[in-house]
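Chemist: Dumping the structure here so I can ask a few things about it.
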2 protein chains.
Amino acid sequence: MSPAQRHPTMNDVAERAGVSQSTVSRTLRGVASVSPEVRARVEQAARELNFAASRYAASLVTGKTGVVAVLVPTLDSWFMGAALSSLGPLMRDADMELTMYVVPDLDRRTAFFERLPARRNADALMVFCFDLTKEETARLDELGMPVIYVSQHVEGRPSVYVDDVAGACKATRHLINLGHRRIAFAHTTNARGFSFSSRERLLGYQQALTEAGIPLDDDLVVTTPPRDKRGTTQAVGNLLSLREPPTAIFAEQDELAASLILSLRTVQIDVPQRISVLGFDDQLMAEWLDLSTVAQSPTDMGRKAAELALQLINDPDADRSRHIVLPTHVIPRGTTAPPPAPQGEQDTGGQASGPARP
Amino acid sequence: MSPAQRHPTMNDVAERAGVSQSTVSRTLRGVASVSPEVRARVEQAARELNFAASRYAASLVTGKTGVVAVLVPTLDSWFMGAALSSLGPLMRDADMELTMYVVPDLDRRTAFFERLPARRNADALMVFCFDLTKEETARLDELGMPVIYVSQHVEGRPSVYVDDVAGACKATRHLINLGHRRIAFAHTTNARGFSFSSRERLLGYQQALTEAGIPLDDDLVVTTPPRDKRGTTQAVGNLLSLREPPTAIFAEQDELAASLILSLRTVQIDVPQRISVLGFDDQLMAEWLDLSTVAQSPTDMGRKAAELALQLINDPDADRSRHIVLPTHVIPRGTTAPPPAPQGEQDTGGQASGPARP
DNA sequence: ATGAAAGCGCTAACAT
DNA sequence: ATGTTAGCGCTTTCAT
């Protein structure tokens, strides 16, 4: 009602409780050496005045801010939502505030690294999902606080991530083991530097192919803007118009996989009978669509990141280059199957090296 | 490298630049009355020392924190992700920090309202998507800062929301206009108090039916836990086993609509030929699935909320009970169609009042 | 166990 | 245009 009402201070509480301000401070911070009677009086007074201590005044003295800063490219994704929904409450439980820097474009990214607004105003910074340049990493090193890299790994810095390379490799092997030889890789074109995992997954895909002696073919690697129906359709078009089209597509994300499947079904190409599709993430939609995919757990990632951050904040001697690698799991569902028998040759056993041609 | 390095202070900068600390303060805050030469020297010194001012020390003096607190039930949803991805950068542009309170369960909710950790540590609070009790609202009134309610409306308090009632009403009318009379409403069982819109949408649905003279039927209102495949299947089962099953289902969210469609198609019930399905949200998946739905824009909501918050912070005389209502739009796509001709009576024109029975 | 006093790093009067 | 000074609301010695 009265917008200009001043917040009560510790002095107000002290006065009301008939004690010194130091005693109020001690009481409210739970210091042991306060007699029960005094403690009760102080707590009562604080309650009556609806008193809350200013973190800012405290942090001025202690040098700790009680804040963890989080740098994210966006919040509008399955991964970020899940990771932060697990991280947030854990921070709250540790009585830490979470301040969020949402940096969706290059301009704001530049501004962030120029000013480093978190500097001096947080006890640690968690950087999510960025593909940082050497300069940016170096800049963060000067921040004067622990920086935890999440969903990416940076040499010699604390990092929490899933092994995207291994996950993608396992995924591709699954397709190879089913008999596929023409396997496409579909990924989204993120603005440069905004996606770490995408690149890693491509590496894993290539590794599995090489391992199996299947030559890499750039025509099988297609790209589309994120969440763009038309882009997906075009990518599908590119694959379907190859001389030797793929019998399987490994999509870097479930979302993209879903879009690909819809696009394929539009032109009556059955999944998985004609083309197998495999995703990455195992988000909710994967179960709905019965989509084969590679599972990762952003929830675990958020938790591990929270634990690591708290440890680095509280223990100056903690290992500052620890990497925590989380596992991935191939989840075979209904969108992957062996490739169709080669065209024109019914029942041809053995040699499963792509559709025969005239 | 040296974790214990002290941050430089304004005094350090002042000394290095050979000016007083006030001048440093003035320079860095962009106060006009600083001569260009001095300004240059100070900026140089600040850069050399990698100096950043402490917001905390400043806010101690100014009484402003430069922080907007955000209370959210979760970040793991399309709506929250989109809304905060729009809100976050705008706050950044206004040089405001965003601190996030993620309160996913009742325990943490209770704890939040008990301690009100935002108190004294933010200039405004934005509350998202909660269905608050009178007591909780009253508690927030005592917070001593503007509280903006987003995606919900609270009498006499600044609020930003879409008109869920009207949206749901329009949606239901669309189905009625197509000829449907047996229209189900499907909603998710959120933990009590964690969803405002769900309730409102039910109201809109009921309003449209009443308006059209169609009697309400509790059997047509089904419920399922969020994101629960089994729950959805069960809800579908309940509807399909009615004496007079619905010819259309209005789902309170796209996500639920999608799940319903998959469940229906599993048992070969064609959508929309046999049953129409209509969602609410118009999130990305709606376009993919060609889902008819009611569009709302969390992006706009985030923007409006940001603007309102900044206004209330900066202008003490601003209207503190302003409601901003955003529009909804019915987006007819491929999952709604007229109901099938009554069973057993081919080509029966006119009277479209549900399937005929023996 | 409690109180007095100093000071954290800034901003905002007030001087000049 | 710049410097001086007095706090902002806490925590933390240091006394008692």
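Residues in the structure tokens are numbered from 1 in each chain, the chains being A, B, ... in the order shown, and ligands are numbered from 1 in the order shown.
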Which chain A residues have any atom within 9 Å of an atom of chain D, and for each, what is the nearest pair of atoms with distance in Å to one decimal, counting only C-alpha atoms (C1' of nucleotides), rows sorted by chain and number, as a Markdown table?
Modeler:
| residue | atom | partner | partner_atom | distance |
| --- | --- | --- | --- | --- |
| A:Thr9 | CA | D:DG9 | C1' | 6.9 |
| A:Met10 | CA | D:DG9 | C1' | 7.5 |
| A:Asn11 | CA | D:DG9 | C1' | 8.7 |
| A:Ser22 | CA | D:DT11 | C1' | 8.3 |
| A:Ser25 | CA | D:DT11 | C1' | 7.9 |
| A:Ala53 | CA | D:DC10 | C1' | 8.1 |
| A:Ser54 | CA | D:DG9 | C1' | 7.2 |
| A:Arg55 | CA | D:DC10 | C1' | 8.5 |
| A:Tyr56 | CA | D:DC10 | C1' | 8.2 |
| A:Ala57 | CA | D:DC10 | C1' | 4.7 |
| A:Ala58 | CA | D:DC10 | C1' | 4.9 |
| A:Ser59 | CA | D:DC10 | C1' | 8.2 |
| A:Leu60 | CA | D:DC10 | C1' | 7.8 |
| A:Val61 | CA | D:DT11 | C1' | 5.7 |
| A:Thr62 | CA | D:DT11 | C1' | 6.8 |
Chemist: Sorted by chain and rising residue number, list the residues of chain C at most 9 Å from chain A (counting only C-alpha atoms (C1' of nucleotides)), each with its closest atom pair and distance in Å to one decimal, as a tab-separated table.
Modeler:
residue	atom	partner	partner_atom	distance
C:DA1	C1'	A:Val34	CA	6.2
C:DT2	C1'	A:Thr23	CA	6.9
C:DG3	C1'	A:Ser20	CA	6.2
C:DG7	C1'	A:Val61	CA	8.3
C:DC8	C1'	A:Val61	CA	4.5
C:DG9	C1'	A:Leu60	CA	7.2
Chemist: I need the contact residues of chain B against chain A, so if you could list those with any atom within 6 Å, counting only C-alpha atoms, and return them as a list in words, that would help.
Modeler: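 For chain B, the answer reads Ser54, Tyr56, Thr74, Leu75, Asp76, Gly81, Ala82, Ser85, Gly88, Pro89, Leu98, Thr99, Met100, Val102 and Arg120 of chain B.
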Chemist: Fewer than 6 positions away in the same chain doesn't count, so skip those; otherwise give me all residues within 8 Å of Val160 of chain A, counting only C-alpha atoms (C1' of nucleotides), as a compact mmCIF listing (two decimals) with N, CA, C and O atoms, in the first residue's frame.
Modeler:
# COMPACT_ATOMS: atom_id res chain seq x y z
N ILE A 148 31.95 -22.77 -14.03
CA ILE A 148 31.65 -24.17 -14.32
C ILE A 148 31.03 -24.26 -15.71
O ILE A 148 30.04 -23.59 -15.99
N TYR A 149 31.60 -25.08 -16.54
CA TYR A 149 31.10 -25.24 -17.90
C TYR A 149 30.15 -26.43 -17.94
O TYR A 149 30.52 -27.53 -17.55
N VAL A 150 28.94 -26.17 -18.38
CA VAL A 150 27.94 -27.23 -18.38
C VAL A 150 27.50 -27.55 -19.80
O VAL A 150 27.27 -26.63 -20.60
N SER A 151 27.40 -28.82 -20.09
CA SER A 151 27.03 -29.29 -21.41
C SER A 151 28.07 -28.88 -22.44
O SER A 151 27.74 -28.59 -23.59
N GLN A 152 29.27 -28.88 -22.02
CA GLN A 152 30.41 -28.60 -22.90
C GLN A 152 31.66 -28.88 -22.07
O GLN A 152 31.60 -28.87 -20.85
N HIS A 153 32.75 -29.17 -22.73
CA HIS A 153 33.96 -29.33 -21.92
C HIS A 153 35.04 -28.38 -22.39
O HIS A 153 35.23 -28.14 -23.57
N MET A 301 22.46 -33.60 -15.07
CA MET A 301 23.46 -32.61 -15.38
C MET A 301 23.29 -31.39 -14.47
O MET A 301 24.27 -30.88 -13.93
N LYS A 304 24.46 -32.35 -10.94
CA LYS A 304 25.93 -32.44 -10.83
C LYS A 304 26.55 -31.05 -10.90
O LYS A 304 27.50 -30.74 -10.17
N ALA A 305 26.01 -30.23 -11.76
CA ALA A 305 26.55 -28.88 -11.90
C ALA A 305 26.36 -28.10 -10.61
O ALA A 305 27.25 -27.38 -10.16
N HIS A 323 36.43 -32.83 -14.46
CA HIS A 323 35.42 -33.05 -15.48
C HIS A 323 34.47 -34.15 -15.03
O HIS A 323 34.91 -35.21 -14.60
N ILE A 324 33.19 -33.86 -15.11
CA ILE A 324 32.20 -34.87 -14.77
C ILE A 324 31.48 -35.26 -16.06
O ILE A 324 30.86 -34.41 -16.70
N VAL A 325 31.64 -36.49 -16.44
CA VAL A 325 31.06 -36.95 -17.70
C VAL A 325 29.87 -37.86 -17.43
O VAL A 325 30.01 -38.85 -16.71
N LEU A 326 28.75 -37.52 -17.97
CA LEU A 326 27.55 -38.32 -17.73
C LEU A 326 27.31 -39.26 -18.90
O LEU A 326 27.68 -38.97 -20.04
Chemist: Residues of segment 46-214 of chain A in strand (DSSP E) according to DSSP, as a ChimeraX atom specification?
Modeler: /A:67-72,97-102,124-128,147-150,159-162,183-188
Chemist: Hey, can you spit out that residue selection with N, CA and C atoms as a PDB file, in the first residue's frame?
Modeler:
ATOM      1  N   VAL A  67      25.220 -15.712  -4.428  1.00  0.00           N
ATOM      2  CA  VAL A  67      24.582 -15.752  -5.740  1.00  0.00           C
ATOM      3  C   VAL A  67      25.393 -16.630  -6.691  1.00  0.00           C
ATOM      4  N   VAL A  68      24.693 -17.440  -7.443  1.00  0.00           N
ATOM      5  CA  VAL A  68      25.338 -18.144  -8.547  1.00  0.00           C
ATOM      6  C   VAL A  68      24.769 -17.591  -9.839  1.00  0.00           C
ATOM      7  N   ALA A  69      25.635 -17.153 -10.718  1.00  0.00           N
ATOM      8  CA  ALA A  69      25.189 -16.626 -11.998  1.00  0.00           C
ATOM      9  C   ALA A  69      25.146 -17.748 -13.022  1.00  0.00           C
ATOM     10  N   VAL A  70      24.184 -17.673 -13.903  1.00  0.00           N
ATOM     11  CA  VAL A  70      24.033 -18.693 -14.932  1.00  0.00           C
ATOM     12  C   VAL A  70      23.952 -18.015 -16.289  1.00  0.00           C
ATOM     13  N   LEU A  71      24.812 -18.429 -17.175  1.00  0.00           N
ATOM     14  CA  LEU A  71      24.798 -17.879 -18.529  1.00  0.00           C
ATOM     15  C   LEU A  71      24.201 -18.909 -19.476  1.00  0.00           C
ATOM     16  N   VAL A  72      23.108 -18.544 -20.121  1.00  0.00           N
ATOM     17  CA  VAL A  72      22.440 -19.487 -21.030  1.00  0.00           C
ATOM     18  C   VAL A  72      22.127 -18.814 -22.359  1.00  0.00           C
ATOM     19  N   GLU A  97      21.063 -17.744  -4.295  1.00  0.00           N
ATOM     20  CA  GLU A  97      20.207 -17.180  -5.327  1.00  0.00           C
ATOM     21  C   GLU A  97      20.782 -17.545  -6.685  1.00  0.00           C
ATOM     22  N   LEU A  98      19.894 -17.507  -7.667  1.00  0.00           N
ATOM     23  CA  LEU A  98      20.294 -17.850  -9.022  1.00  0.00           C
ATOM     24  C   LEU A  98      20.058 -16.628  -9.882  1.00  0.00           C
ATOM     25  N   THR A  99      21.106 -16.050 -10.441  1.00  0.00           N
ATOM     26  CA  THR A  99      20.791 -14.989 -11.389  1.00  0.00           C
ATOM     27  C   THR A  99      21.125 -15.427 -12.800  1.00  0.00           C
ATOM     28  N   MET A 100      20.225 -15.064 -13.682  1.00  0.00           N
ATOM     29  CA  MET A 100      20.196 -15.624 -15.012  1.00  0.00           C
ATOM     30  C   MET A 100      20.610 -14.599 -16.037  1.00  0.00           C
ATOM     31  N   TYR A 101      21.548 -14.962 -16.869  1.00  0.00           N
ATOM     32  CA  TYR A 101      21.893 -14.118 -18.004  1.00  0.00           C
ATOM     33  C   TYR A 101      21.492 -14.834 -19.274  1.00  0.00           C
ATOM     34  N   VAL A 102      20.433 -14.372 -19.895  1.00  0.00           N
ATOM     35  CA  VAL A 102      19.955 -14.987 -21.120  1.00  0.00           C
ATOM     36  C   VAL A 102      20.558 -14.236 -22.300  1.00  0.00           C
ATOM     37  N   ALA A 124      29.965 -17.629  -8.218  1.00  0.00           N
ATOM     38  CA  ALA A 124      30.386 -18.579  -9.249  1.00  0.00           C
ATOM     39  C   ALA A 124      29.542 -18.327 -10.487  1.00  0.00           C
ATOM     40  N   LEU A 125      30.061 -18.762 -11.610  1.00  0.00           N
ATOM     41  CA  LEU A 125      29.309 -18.634 -12.858  1.00  0.00           C
ATOM     42  C   LEU A 125      29.198 -20.005 -13.496  1.00  0.00           C
ATOM     43  N   MET A 126      27.991 -20.339 -13.935  1.00  0.00           N
ATOM     44  CA  MET A 126      27.825 -21.572 -14.692  1.00  0.00           C
ATOM     45  C   MET A 126      27.486 -21.211 -16.131  1.00  0.00           C
ATOM     46  N   VAL A 127      28.262 -21.712 -17.051  1.00  0.00           N
ATOM     47  CA  VAL A 127      28.061 -21.405 -18.459  1.00  0.00           C
ATOM     48  C   VAL A 127      27.463 -22.619 -19.160  1.00  0.00           C
ATOM     49  N   PHE A 128      26.297 -22.429 -19.725  1.00  0.00           N
ATOM     50  CA  PHE A 128      25.597 -23.551 -20.361  1.00  0.00           C
ATOM     51  C   PHE A 128      25.736 -23.521 -21.876  1.00  0.00           C
ATOM     52  N   VAL A 147      34.276 -20.818 -12.517  1.00  0.00           N
ATOM     53  CA  VAL A 147      33.402 -20.872 -13.679  1.00  0.00           C
ATOM     54  C   VAL A 147      33.193 -22.341 -14.027  1.00  0.00           C
ATOM     55  N   ILE A 148      31.954 -22.772 -14.030  1.00  0.00           N
ATOM     56  CA  ILE A 148      31.653 -24.170 -14.321  1.00  0.00           C
ATOM     57  C   ILE A 148      31.031 -24.263 -15.709  1.00  0.00           C
ATOM     58  N   TYR A 149      31.605 -25.081 -16.543  1.00  0.00           N
ATOM     59  CA  TYR A 149      31.097 -25.242 -17.897  1.00  0.00           C
ATOM     60  C   TYR A 149      30.145 -26.428 -17.938  1.00  0.00           C
ATOM     61  N   VAL A 150      28.937 -26.173 -18.378  1.00  0.00           N
ATOM     62  CA  VAL A 150      27.936 -27.227 -18.376  1.00  0.00           C
ATOM     63  C   VAL A 150      27.499 -27.548 -19.799  1.00  0.00           C
ATOM     64  N   SER A 159      34.020 -28.914 -15.678  1.00  0.00           N
ATOM     65  CA  SER A 159      33.005 -29.110 -16.713  1.00  0.00           C
ATOM     66  C   SER A 159      32.093 -30.275 -16.371  1.00  0.00           C
ATOM     67  N   VAL A 160      30.871 -30.149 -16.761  1.00  0.00           N
ATOM     68  CA  VAL A 160      29.900 -31.232 -16.617  1.00  0.00           C
ATOM     69  C   VAL A 160      29.225 -31.418 -17.968  1.00  0.00           C
ATOM     70  N   TYR A 161      29.254 -32.616 -18.491  1.00  0.00           N
ATOM     71  CA  TYR A 161      28.682 -32.823 -19.823  1.00  0.00           C
ATOM     72  C   TYR A 161      28.436 -34.292 -20.083  1.00  0.00           C
ATOM     73  N   VAL A 162      27.641 -34.572 -21.090  1.00  0.00           N
ATOM     74  CA  VAL A 162      27.527 -35.967 -21.523  1.00  0.00           C
ATOM     75  C   VAL A 162      28.533 -36.171 -22.640  1.00  0.00           C
ATOM     76  N   ILE A 183      23.887 -43.887 -44.164  1.00  0.00           N
ATOM     77  CA  ILE A 183      23.325 -43.266 -42.966  1.00  0.00           C
ATOM     78  C   ILE A 183      23.557 -41.760 -43.015  1.00  0.00           C
ATOM     79  N   ALA A 184      22.462 -41.017 -42.945  1.00  0.00           N
ATOM     80  CA  ALA A 184      22.594 -39.568 -42.993  1.00  0.00           C
ATOM     81  C   ALA A 184      22.703 -39.000 -41.584  1.00  0.00           C
ATOM     82  N   PHE A 185      23.295 -37.827 -41.495  1.00  0.00           N
ATOM     83  CA  PHE A 185      23.344 -37.098 -40.232  1.00  0.00           C
ATOM     84  C   PHE A 185      22.671 -35.749 -40.444  1.00  0.00           C
ATOM     85  N   ALA A 186      21.663 -35.482 -39.635  1.00  0.00           N
ATOM     86  CA  ALA A 186      20.956 -34.207 -39.780  1.00  0.00           C
ATOM     87  C   ALA A 186      21.211 -33.354 -38.540  1.00  0.00           C
ATOM     88  N   HIS A 187      21.594 -32.146 -38.762  1.00  0.00           N
ATOM     89  CA  HIS A 187      21.780 -31.256 -37.613  1.00  0.00           C
ATOM     90  C   HIS A 187      21.248 -29.869 -37.921  1.00  0.00           C
ATOM     91  N   THR A 188      21.071 -29.099 -36.851  1.00  0.00           N
ATOM     92  CA  THR A 188      20.531 -27.759 -37.029  1.00  0.00           C
ATOM     93  C   THR A 188      21.675 -26.762 -37.116  1.00  0.00           C
TER      94      THR A 188
END
Chemist: Enumerate as a ChimeraX atom specification all residues of segment 172-309 of chain A assigned to alpha helix (DSSP H) by DSSP on the backbone, naming them with the chain letters and numbers the document uses.
Modeler: /A:172-178,197-211,229-240,254-266,284-289,298-309
Chemist: Would you mind listing what lies within 8 Å of Ser292 of chain B as a ChimeraX atom specification, with only C-alpha atoms (C1' of nucleotides) counted and same-chain residues fewer than 6 positions away left out?
Modeler: /B:277-279,286,330-336
Chemist: Using only C-alpha atoms (C1' of nucleotides), determine which residues lie at most 8 Å from Thr189 of chain B, disregarding the query and same-chain residues fewer than 6 positions distant; provide the list as a PyMOL selection string.
Modeler: chain B and resi 223-226
Chemist: Given the selection you just returned, output its residues as a file containing N, CA and C atoms, formatted as a compact mmCIF listing (two decimals), in the first residue's frame.
Modeler:
# COMPACT_ATOMS: atom_id res chain seq x y z
N THR B 223 -9.39 -36.02 -16.94
CA THR B 223 -8.25 -35.47 -16.27
C THR B 223 -7.10 -36.46 -16.35
N THR B 224 -5.90 -35.97 -16.45
CA THR B 224 -4.75 -36.87 -16.48
C THR B 224 -3.54 -36.16 -15.89
N PRO B 225 -2.66 -36.93 -15.27
CA PRO B 225 -1.43 -36.31 -14.78
C PRO B 225 -0.66 -35.74 -15.97
N PRO B 226 0.11 -34.68 -15.77
CA PRO B 226 0.82 -34.09 -16.89
C PRO B 226 1.87 -35.05 -17.44
Chemist: Mind giving me the straight-line distance from atom CA of Asp219 of chain A to atom CA of Arg265 of chain A in Å, one decimal?
Modeler: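 Spanning atom CA of Asp219 of chain A to atom CA of Arg265 of chain A is a straight-line distance of 21.7 Å.
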